[in-house]
Amino acid sequence: MAFPLPEPMRLALDAAARAGEAGEVPVGAVVRRGGEVVAVVANRMRELGDPTAHAEMEAIRAALARLGTGRLDGCDLWVTLEPCAMCAGAIAHARIDRLYYGAADEKGGAVAHGPRFFAQPTCHHRPEVYGGIGEAEAAGLLRRFFATRRA
């Protein structure tokens, strides 16, 4: 029996799908504090011509602006793909409490793969991490997106 996805992951997956339709790599992210959704964004690298405009970075920026603060204490980040090293660093610096992600990224991920950023002794803040939430749908979006690019 399949269980419904938590609302923040559903919102992140919907944002990822829209990004894919717009030609961006389909990754979406949501910042939530308590029961309130603070930001819903997706990758914008092509749109902005900015290699740092990953969904996680855009979500952190949007949430900081909306909350008028320099850190995201008490916030959770939901993202459809395991964060890379750049995004993991930003998550730590933003002091996000919990990270929930969908698909693992064996090649570019830095949480469960690669440098395992949060396990490093130089990492000063480690969020609680929960992977594999909505993994099949998130991975499917990415596979379909890249299959059309390679065809």
# chains A, B, ... in the order shown; residues from 1 in each chain; ligands from 1
>>> closest_atom_pairs(of="range 84-140 of chain A", to="range 7-19 of chain A", cutoff="10 Å", atoms="only C-alpha atoms", output="CSV")
residue,atom,partner,partner_atom,distance
A:Tyr100,CA,A:Met9,CA,8.2
A:Tyr101,CA,A:Met9,CA,8.1
A:Gly102,CA,A:Met9,CA,8.0
A:Ile133,CA,A:Met9,CA,7.5
A:Gly134,CA,A:Met9,CA,7.0
A:Glu137,CA,A:Leu13,CA,7.7
A:Ala138,CA,A:Leu13,CA,6.6
>>> atom_distance(atom1="CA of Arg46 in chain A", atom2="CA of Gly23 in chain A")
7.8 Å
>>> select_by_dssp(residues="chain A", states="strand (DSSP E or B)", output="number ranges by chain")
A: 28-33, 36-42, 75-81, 98-103, 128-130
>>> atom_distance(atom1="CA of Asp73 in chain A", atom2="CA of Asp97 in chain A")
6.3 Å
>>> residues_around(residues="Pro115 in chain A", least_positions_apart="3", cutoff="12 Å", atoms="only C-alpha atoms", output="ChimeraX atom specification")
/A:83-86,88-89,106-112,118-123
>>> residues_around(residues="Glu56 in chain A", least_positions_apart="5", cutoff="10 Å", atoms="only C-alpha atoms", output="PyMOL selection string")
chain A and resi 27-31+40-43+61-62+77-84+86-88+90-91
>>> write_last_selection(atoms="C-alpha atoms", output="mmCIF file, in the first residue's frame")
data_model
loop_
_atom_site.group_PDB
_atom_site.id
_atom_site.type_symbol
_atom_site.label_atom_id
_atom_site.label_comp_id
_atom_site.auth_asym_id
_atom_site.auth_seq_id
_atom_site.Cartn_x
_atom_site.Cartn_y
_atom_site.Cartn_z
ATOM 1 C CA VAL A 27 14.718 19.628 -8.715
ATOM 2 C CA GLY A 28 12.353 21.371 -6.312
ATOM 3 C CA ALA A 29 12.705 22.509 -2.726
ATOM 4 C CA VAL A 30 10.471 23.699 0.102
ATOM 5 C CA VAL A 31 11.330 25.396 3.373
ATOM 6 C CA VAL A 40 8.565 26.750 -2.665
ATOM 7 C CA VAL A 41 11.128 26.963 -5.470
ATOM 8 C CA ALA A 42 12.972 24.934 -8.087
ATOM 9 C CA ASN A 43 16.251 25.030 -9.944
ATOM 10 C CA ARG A 61 17.449 32.692 -0.103
ATOM 11 C CA ALA A 62 13.664 32.998 -0.423
ATOM 12 C CA LEU A 77 14.204 21.807 4.042
ATOM 13 C CA TRP A 78 12.483 19.360 1.721
ATOM 14 C CA VAL A 79 14.238 18.738 -1.596
ATOM 15 C CA THR A 80 13.665 16.201 -4.348
ATOM 16 C CA LEU A 81 17.352 15.295 -4.823
ATOM 17 C CA GLU A 82 20.183 14.660 -2.381
ATOM 18 C CA PRO A 83 22.028 17.991 -1.999
ATOM 19 C CA CYS A 84 25.456 18.594 -3.512
ATOM 20 C CA MET A 86 27.597 23.538 -2.174
ATOM 21 C CA CYS A 87 24.015 23.109 -1.000
ATOM 22 C CA ALA A 88 25.000 20.984 2.003
ATOM 23 C CA ALA A 90 24.562 26.341 2.727
ATOM 24 C CA ILE A 91 22.186 24.105 4.700
#
>>> atom_distance(atom1="CA of Arg33 in chain A", atom2="CA of Leu72 in chain A")
8.5 Å
>>> closest_residue(among="A:Ala22, A:Val129, A:Ala65, A:Leu5", to="Met45 in chain A", atoms="only C-alpha atoms")
A:Ala22
>>> select_by_dssp(residues="range 4-136 of chain A", states="alpha helix (DSSP H)", output="NGL selection string")
:A and (7-21 or 45-48 or 55-67 or 85-94 or 135-136)
>>> closest_residue(among="A:Ile96, A:Ala53, A:Ala147, A:Ala104", to="His124 in chain A", atoms="only C-alpha atoms")
A:Ile96
>>> closest_residue(among="A:Val38, A:Arg149, A:Gly132, A:Asp105", to="Gly68 in chain A", atoms="only C-alpha atoms")
A:Val38
>>> closest_residue(among="A:Leu99, A:Ala92, A:Glu24, A:Gly114", to="Gly49 in chain A", atoms="only C-alpha atoms")
A:Glu24
